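First up is the structure itself, then whatever we jot down about it.
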Amino acid sequence: MKTTVTITSRGVVTLPAKLRQALGLKADDQLIAETTPEGLLLRPAVTLPLEVYTPQREREFDAAEADLATVLAAHERAPPSAPAAGARANRRRATPA
């Protein structure tokens with residue numbers, strides 16, 4: 001889609017509604033403006049939310065990781081269990097002849 005836009009004296013460019021809708025752009029979305037050999041390229045900027053963790057939240061993560069390490073260590077020490085007879089029979093039935 002091609003369209004003509006106007007730059008105001010303050011440098012503001014308004015993208016026509018049809019163009020914004022076609023690109024899925026909405027108010028407060030950010031664009032990256034880049035010069036190319038062909039001219040000016042505008043493309044949507046990808047923004048990712050950033051969560052800043054409080055010291056309390058970091059302690060919660062540390063506790064969860066310690067719990068996981070305990071569970072994994074117990075799992076590694078446990079002897080492997082043999083599959084149930086029913087499970088073996090189901091596998092045999094599922095195998096093509």
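Letters for chains follow the order of the structure tokens (A, B, ...), residue numbers begin at 1 for each chain, and ligand numbers begin at 1 in the order shown.
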DSSP strand (DSSP E or B) residues within region 1-46 of chain A, as a ChimeraX atom specification: /A:7,13,31-36,39-44
Please identify all polymer residues within 12 Å of Gln30 (chain A), counting only C-alpha atoms, omitting same-chain residues fewer than 5 positions from it, and present them as number ranges by chain. A: 24-25, 42-48
Since we have the selection now, will you write its residues out, keeping N, CA and C atoms, as a JSON list (two decimals), in the first residue's frame?
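Listed below is the output, out_16.json:
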[["chain", "number", "residue", "atom", "x", "y", "z"],
["A", 24, "GLY", "N", -1.75, -3.05, 11.65],
["A", 24, "GLY", "CA", -2.05, -3.38, 13.05],
["A", 24, "GLY", "C", -1.43, -2.42, 14.03],
["A", 25, "LEU", "N", -1.24, -1.17, 13.61],
["A", 25, "LEU", "CA", -0.65, -0.16, 14.49],
["A", 25, "LEU", "C", -1.75, 0.55, 15.26],
["A", 42, "LEU", "N", 10.10, 2.98, 7.70],
["A", 42, "LEU", "CA", 9.46, 2.94, 9.01],
["A", 42, "LEU", "C", 9.00, 1.52, 9.25],
["A", 43, "ARG", "N", 9.35, 0.98, 10.41],
["A", 43, "ARG", "CA", 8.89, -0.37, 10.74],
["A", 43, "ARG", "C", 8.56, -0.43, 12.22],
["A", 44, "PRO", "N", 7.61, -1.31, 12.56],
["A", 44, "PRO", "CA", 7.22, -1.41, 13.97],
["A", 44, "PRO", "C", 8.41, -1.81, 14.85],
["A", 45, "ALA", "N", 8.49, -1.19, 16.00],
["A", 45, "ALA", "CA", 9.53, -1.54, 16.97],
["A", 45, "ALA", "C", 9.00, -2.64, 17.87],
["A", 46, "VAL", "N", 9.80, -3.63, 18.12],
["A", 46, "VAL", "CA", 9.40, -4.69, 19.03],
["A", 46, "VAL", "C", 9.82, -4.27, 20.43],
["A", 47, "THR", "N", 8.85, -4.18, 21.30],
["A", 47, "THR", "CA", 9.15, -3.83, 22.68],
["A", 47, "THR", "C", 8.77, -4.99, 23.57],
["A", 48, "LEU", "N", 9.59, -5.26, 24.53],
["A", 48, "LEU", "CA", 9.35, -6.36, 25.46],
["A", 48, "LEU", "C", 9.16, -5.78, 26.85]]
Run DSSP on the backbone and grab whatever in chain A lands in helix (DSSP H, G or I); send it over as a PyMOL selection string. chain A and resi 17-23+55-77+85-94
When you draw a straight line from CA of Thr36 (chain A) to CA of Pro16 (chain A), how long is it in Å? 22.4 Å
Would you mind telling me which residue in A:Leu50, A:Ala33, A:Ala66, A:Ala73 lies nearest to Val13 (chain A) when using only C-alpha atoms? A:Ala33
Which neighbours of Val5 (chain A) fall inside 12 Å, counting only C-alpha atoms, when residues of the same chain fewer than 4 positions from it are skipped, and could you give them as a list in words?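 Returned residues: Gly11, Val12, Val13, Thr14, Leu15, Pro16, Ala17 and Leu19 of chain A.
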